[in-house]
$ cat target-v1.csv   # CSV, C-alpha atoms
chain,number,residue,atom,x,y,z
R,1,MET,CA,14.2,-15.1,4.2
R,2,ARG,CA,16.0,-12.3,6.1
R,3,THR,CA,15.3,-11.2,9.7
R,4,PRO,CA,13.2,-8.1,10.4
R,5,PHE,CA,16.4,-6.3,11.4
R,6,GLU,CA,18.1,-7.1,8.1
R,7,TYR,CA,15.0,-6.0,6.1
R,8,ARG,CA,14.8,-2.7,8.1
R,9,SER,CA,18.5,-2.0,7.7
R,10,CYS,CA,18.6,-2.7,4.0
R,11,ALA,CA,15.5,-0.7,3.3
R,12,ARG,CA,16.8,2.2,5.3
R,13,ALA,CA,20.1,2.2,3.4
R,14,LEU,CA,18.2,2.2,0.1
R,15,ILE,CA,16.0,5.2,0.7
R,16,LYS,CA,18.4,7.2,2.9
R,17,LYS,CA,20.0,8.7,-0.2
R,18,LYS,CA,16.6,9.5,-1.5
R,19,TRP,CA,15.0,10.8,1.7
R,20,ARG,CA,14.0,14.2,0.3
R,21,GLU,CA,12.1,12.5,-2.6
R,22,VAL,CA,10.5,10.0,-0.2
R,23,VAL,CA,9.3,12.7,2.1
R,24,GLN,CA,8.0,14.9,-0.7
R,25,THR,CA,6.1,12.0,-2.3
R,26,SER,CA,4.7,10.9,1.1
R,27,ALA,CA,3.6,14.5,1.9
R,28,ILE,CA,1.7,14.9,-1.4
R,29,ILE,CA,0.0,11.5,-1.0
R,30,MET,CA,-0.9,12.3,2.6
R,31,ALA,CA,-2.3,15.7,1.5
R,32,LEU,CA,-4.4,14.1,-1.2
R,33,SER,CA,-5.7,11.5,1.2
R,34,MET,CA,-6.7,14.2,3.7
R,35,VAL,CA,-8.5,16.2,1.0
R,36,CYS,CA,-10.4,13.0,0.0
R,37,THR,CA,-11.3,12.0,3.6
R,38,LEU,CA,-12.2,15.5,4.8
R,39,PRO,CA,-15.7,15.7,3.3
R,40,SER,CA,-16.8,12.4,4.9
R,41,SER,CA,-15.1,13.4,8.2
R,42,ILE,CA,-17.0,16.7,8.3
R,43,SER,CA,-20.3,15.0,7.5
R,44,TYR,CA,-19.7,12.5,10.3
R,45,LEU,CA,-18.9,15.3,12.8
R,46,GLN,CA,-22.0,17.2,11.8
R,47,LYS,CA,-24.0,14.0,12.2
R,48,PHE,CA,-25.0,14.2,8.6
R,49,GLN,CA,-27.9,11.8,7.9
R,50,ILE,CA,-28.9,10.3,4.5
R,51,SER,CA,-32.1,12.1,3.6
R,52,SER,CA,-34.9,10.8,1.5
R,53,SER,CA,-33.6,12.8,-1.4
R,54,PRO,CA,-31.8,10.5,-4.0
R,55,TRP,CA,-29.5,13.5,-4.7
R,56,MET,CA,-28.3,13.8,-1.1
R,57,THR,CA,-27.9,10.1,-0.9
R,58,SER,CA,-25.7,10.0,-4.0
R,59,ILE,CA,-23.6,12.8,-2.6
R,60,TYR,CA,-23.1,11.0,0.7
R,61,ILE,CA,-22.1,7.7,-1.0
R,62,ALA,CA,-19.7,9.6,-3.3
R,63,ILE,CA,-17.9,11.4,-0.5
R,64,THR,CA,-17.7,8.1,1.5
R,65,PHE,CA,-15.9,6.3,-1.3
R,66,LEU,CA,-13.8,9.2,-2.4
R,67,PRO,CA,-10.6,7.9,-0.6
R,68,ILE,CA,-10.7,4.8,-2.9
R,69,PHE,CA,-9.4,7.0,-5.8
R,70,ILE,CA,-6.1,7.6,-3.9
R,71,ILE,CA,-5.4,3.8,-3.8
R,72,PRO,CA,-3.7,3.8,-7.2
R,73,ILE,CA,-1.3,6.5,-6.2
R,74,GLN,CA,-0.5,4.6,-3.0
R,75,TYR,CA,0.1,1.5,-5.1
R,76,ALA,CA,2.3,3.5,-7.5
R,77,LEU,CA,4.5,4.6,-4.5
R,78,HIS,CA,4.9,0.9,-3.6
R,79,ILE,CA,6.0,0.2,-7.2
R,80,ALA,CA,8.5,3.1,-7.2
R,81,LEU,CA,10.0,1.9,-4.0
R,82,LEU,CA,10.2,-1.6,-5.4
R,83,ASN,CA,12.2,-0.1,-8.3
R,84,ARG,CA,14.4,1.5,-5.7
R,85,THR,CA,15.2,-1.8,-4.2
R,86,ARG,CA,16.4,-2.8,-7.6
R,87,GLU,CA,18.9,0.0,-7.5
R,88,SER,CA,16.9,2.3,-9.7
R,89,GLU,CA,18.2,5.9,-9.6
R,90,ALA,CA,14.9,7.3,-10.9
R,91,ASN,CA,13.4,10.2,-8.9
R,92,ILE,CA,10.9,8.5,-6.6
R,93,LEU,CA,8.3,11.3,-6.9
R,94,GLN,CA,8.5,11.3,-10.7
R,95,ASP,CA,8.5,7.5,-10.8
R,96,THR,CA,5.4,7.4,-8.6
R,97,TRP,CA,3.5,9.8,-10.9
R,98,GLN,CA,4.6,8.0,-14.0
R,99,GLN,CA,3.3,4.8,-12.6
R,100,THR,CA,0.1,6.5,-11.6
R,101,GLU,CA,-0.5,8.1,-15.1
R,102,THR,CA,0.4,4.9,-17.0
R,103,HIS,CA,-1.5,2.4,-14.9
R,104,TYR,CA,-4.1,4.3,-12.9
R,105,LEU,CA,-7.2,2.4,-14.2
R,106,ARG,CA,-5.6,-1.0,-13.7
R,107,LEU,CA,-4.4,-0.1,-10.2
R,108,PHE,CA,-7.8,1.4,-9.4
R,109,ILE,CA,-9.7,-1.7,-10.4
R,110,VAL,CA,-7.4,-4.0,-8.3
R,111,GLY,CA,-7.5,-1.5,-5.4
R,112,LEU,CA,-11.3,-1.3,-5.5
R,113,LEU,CA,-11.7,-5.1,-5.7
R,114,THR,CA,-9.2,-5.6,-2.8
R,115,THR,CA,-11.0,-3.0,-0.7
R,116,LEU,CA,-14.4,-4.5,-1.3
R,117,ILE,CA,-13.3,-8.0,-0.5
R,118,THR,CA,-11.4,-7.0,2.6
R,119,THR,CA,-14.2,-4.8,3.9
R,120,LEU,CA,-16.9,-7.5,3.4
R,121,VAL,CA,-14.8,-10.1,5.1
R,122,GLY,CA,-13.9,-7.7,7.9
R,123,ILE,CA,-17.6,-7.0,8.6
R,124,VAL,CA,-18.4,-10.8,8.7
R,125,THR,CA,-15.4,-11.6,10.9
R,126,LEU,CA,-15.4,-8.5,13.1
R,127,GLY,CA,-12.2,-7.2,11.6
R,128,ILE,CA,-10.0,-10.3,12.0
R,129,GLY,CA,-10.5,-11.5,8.4
R,130,ALA,CA,-9.7,-8.0,7.1
R,131,ILE,CA,-6.3,-8.1,8.8
R,132,VAL,CA,-5.5,-11.5,7.4
R,133,LEU,CA,-6.5,-10.5,3.9
R,134,SER,CA,-4.5,-7.3,4.1
R,135,TYR,CA,-1.4,-9.5,4.4
R,136,ALA,CA,-2.6,-12.0,1.9
R,137,TYR,CA,-2.9,-9.2,-0.7
R,138,ARG,CA,0.2,-7.3,0.2
R,139,MET,CA,2.1,-8.5,-2.9
R,140,VAL,CA,-0.5,-7.3,-5.4
R,141,PRO,CA,1.0,-4.0,-6.5
R,142,TYR,CA,4.4,-5.6,-7.0
R,143,LEU,CA,2.9,-8.4,-9.1
R,144,LEU,CA,1.0,-6.0,-11.2
R,145,HIS,CA,4.3,-4.2,-12.0
R,146,ASP,CA,6.3,-7.3,-12.7
R,147,TYR,CA,3.6,-9.1,-14.7
R,148,PRO,CA,1.6,-6.6,-16.8
R,149,GLU,CA,-0.4,-9.4,-18.3
R,150,LEU,CA,-2.0,-10.4,-15.0
R,151,SER,CA,-5.7,-9.7,-14.5
R,152,ALA,CA,-7.0,-8.3,-11.2
R,153,HIS,CA,-8.4,-11.6,-10.2
R,154,LYS,CA,-5.2,-13.5,-11.1
R,155,ALA,CA,-3.0,-11.0,-9.2
R,156,LEU,CA,-5.1,-11.4,-6.0
R,157,LYS,CA,-5.0,-15.2,-6.4
R,158,ILE,CA,-1.2,-15.4,-6.8
R,159,SER,CA,-0.7,-13.0,-3.9
R,160,ARG,CA,-2.8,-15.2,-1.7
R,161,GLU,CA,-0.8,-18.3,-2.8
R,162,MET,CA,2.6,-16.5,-2.3
R,163,MET,CA,1.7,-15.5,1.2
R,164,LYS,CA,0.6,-18.9,2.4
R,165,GLY,CA,2.9,-19.6,5.3
R,166,TYR,CA,4.5,-16.2,5.2
R,167,LYS,CA,1.8,-13.9,6.5
R,168,ARG,CA,3.1,-14.2,10.1
R,169,LYS,CA,6.7,-13.4,9.0
R,170,LEU,CA,5.5,-10.2,7.3
R,171,PHE,CA,3.4,-9.3,10.3
R,172,VAL,CA,6.5,-9.7,12.5
R,173,LEU,CA,8.4,-7.4,10.1
R,174,ASP,CA,5.6,-4.8,10.4
R,175,LEU,CA,5.6,-5.2,14.2
R,176,SER,CA,9.3,-4.5,14.4
R,177,PHE,CA,8.5,-0.9,13.3
R,178,ILE,CA,6.3,-0.4,16.4
R,179,GLY,CA,8.8,2.0,18.1
R,180,TRP,CA,9.0,4.1,14.9
R,181,LEU,CA,5.2,4.1,14.6
R,182,LEU,CA,5.1,5.5,18.2
R,183,ALA,CA,7.5,8.1,17.1
R,184,CYS,CA,5.0,9.1,14.4
R,185,VAL,CA,2.4,9.7,17.2
R,186,PHE,CA,4.8,11.8,19.3
R,187,THR,CA,5.8,13.9,16.2
R,188,LEU,CA,2.1,14.5,15.3
R,189,GLY,CA,2.5,12.4,12.2
R,190,LEU,CA,5.5,14.1,10.8
R,191,ALA,CA,7.7,11.0,11.1
R,192,THR,CA,5.1,9.1,9.1
R,193,LEU,CA,6.5,10.8,6.0
R,194,PHE,CA,9.6,8.7,6.2
R,195,VAL,CA,8.6,5.7,8.4
R,196,ILE,CA,5.7,4.5,6.1
R,197,PRO,CA,7.8,4.5,2.9
R,198,TRP,CA,10.5,2.7,4.9
R,199,MET,CA,8.0,0.0,5.8
R,200,HIS,CA,6.9,-0.2,2.2
R,201,THR,CA,10.5,-0.6,1.1
R,202,SER,CA,11.0,-3.4,3.6
R,203,SER,CA,7.9,-5.1,2.2
R,204,ALA,CA,9.3,-4.7,-1.3
R,205,LEU,CA,12.5,-6.5,-0.2
R,206,PHE,CA,10.3,-9.2,1.4
R,207,TYR,CA,8.5,-9.6,-2.0
R,208,GLU,CA,11.8,-10.0,-3.8
R,209,ASP,CA,12.9,-12.8,-1.5
R,210,LEU,CA,9.5,-14.4,-1.6
R,211,LYS,CA,9.3,-14.2,-5.3
R,212,ALA,CA,12.6,-16.0,-5.7
R,213,LYS,CA,11.1,-18.8,-3.5
R,214,THR,CA,7.6,-19.2,-4.8
R,215,ILE,CA,6.3,-17.3,-7.7
R,216,VAL,CA,7.6,-17.6,-11.3
R,217,GLU,CA,6.0,-20.9,-12.2
R,218,LYS,CA,2.6,-19.8,-10.8
R,219,VAL,CA,2.2,-16.9,-13.2
R,220,ASP,CA,2.4,-18.8,-16.4

$ encode --input "target-v1.csv" --output "structure tokens"
Amino acid sequence: MRTPFEYRSCARALIKKKWREVVQTSAIIMALSMVCTLPSSISYLQKFQISSSPWMTSIYIAITFLPIFIIPIQYALHIALLNRTRESEANILQDTWQQTETHYLRLFIVGLLTTLITTLVGIVTLGIGAIVLSYAYRMVPYLLHDYPELSAHKALKISREMMKGYKRKLFVLDLSFIGWLLACVFTLGLATLFVIPWMHTSSALFYEDLKAKTIVEKVD
């Protein structure tokens, strides 16, 4: 496995030539995420309470879970950036939407399952388990792309197996971006449009190295 510096450097070189596409795609996904989270944020700020009306209760539940529908698009960006690590010259924005259109339902099911498991474990373990599982399941979108025959359950299982003994390494890689994440704060989130895809590209490179060491025989 490479060092965090090597992953960052290689990932940056890969997306530097595509930075406009990266920023455009990130901006669109961020805007969609904000639109989906806005209703629940407004209801919280207004101290909206679930009334006795089933209709109002249904509305509240719907707007609370609305952000889940963005997960497939986020996964699609992960896949587009994985393709970029494989020297794909495809437009990242177009590749992201193509992956979304083609695999939305499959990505949604896996994203929903991952979110539910992580949330439930996080509640029981006061958040610690959710952090651990977020690393255990980090390889899921890449596995779904490389192995279309995988079920949601199988993809989660293989990702957990792949990440045994490697979660700390990936955590250290993420931690190495701390300075850039602080820059996102100081730029009011604008730097996020490039930094987050940069992190995703580093994760894709991490997956490629990890896959070479651990994966192929476990998929069959």

$ atom_distance --input "target-v1.csv" --atom1 "CA of Thr114 (chain R)" --atom2 "CA of Ala31 (chain R)"
22.8 Å

$ residues_around --input "target-v1.csv" --residues "Val195 (chain R)" --least-positions-apart "4" --cutoff "7 Å" --atoms "only C-alpha atoms" --output "VMD selection string"
chain R and resid 180 191 199

$ closest_residue --input "target-v1.csv" --among "R:Lys17, R:Leu175, R:Leu205, R:Tyr166" --to "Glu89 (chain R)" --atoms "only C-alpha atoms"
R:Lys17

$ atom_distance --input "target-v1.csv" --atom1 "CA of Lys157 (chain R)" --atom2 "CA of Ile109 (chain R)"
14.8 Å

$ atom_distance --input "target-v1.csv" --atom1 "CA of Gln99 (chain R)" --atom2 "CA of Ala76 (chain R)"
5.4 Å

$ residues_near_point --input "target-v1.csv" --point "(-1.6, -1.2, 0.9)" --cutoff "8 Å" --atoms "only C-alpha atoms" --output "number ranges by chain"
R: 71, 74-75, 134, 138

$ residues_around --input "target-v1.csv" --residues "Arg160 (chain R)" --least-positions-apart "3" --cutoff "7 Å" --atoms "only C-alpha atoms" --output "list in words"
Ala136, Tyr137, Leu156, Lys157, Met163 and Lys164 of chain R

$ closest_residue --input "target-v1.csv" --among "R:Trp19, R:Tyr104, R:Phe177, R:Tyr135" --to "Ser202 (chain R)" --atoms "only C-alpha atoms"
R:Phe177

$ closest_residue --input "target-v1.csv" --among "R:Tyr207, R:Phe5, R:Phe171, R:Phe65" --to "Leu143 (chain R)" --atoms "only C-alpha atoms"
R:Tyr207

$ closest_residue --input "target-v1.csv" --among "R:Ile128, R:Asp209, R:Leu32, R:Pro197" --to "Arg12 (chain R)" --atoms "all atoms listed in the file"
R:Pro197

$ closest_residue --input "target-v1.csv" --among "R:Arg84, R:Lys154, R:Lys16, R:Lys211" --to "Val110 (chain R)" --atoms "only C-alpha atoms"
R:Lys154

$ residues_around --input "target-v1.csv" --residues "Ala204 (chain R)" --least-positions-apart "6" --cutoff "10 Å" --atoms "all atoms listed in the file" --output "PyMOL selection string"
chain R and resi 7+11+78-86+138-139+141-142+198+210

$ closest_residue --input "target-v1.csv" --among "R:Thr214, R:Ser33, R:Gln94, R:Ser26" --to "His200 (chain R)" --atoms "all atoms listed in the file"
R:Ser26
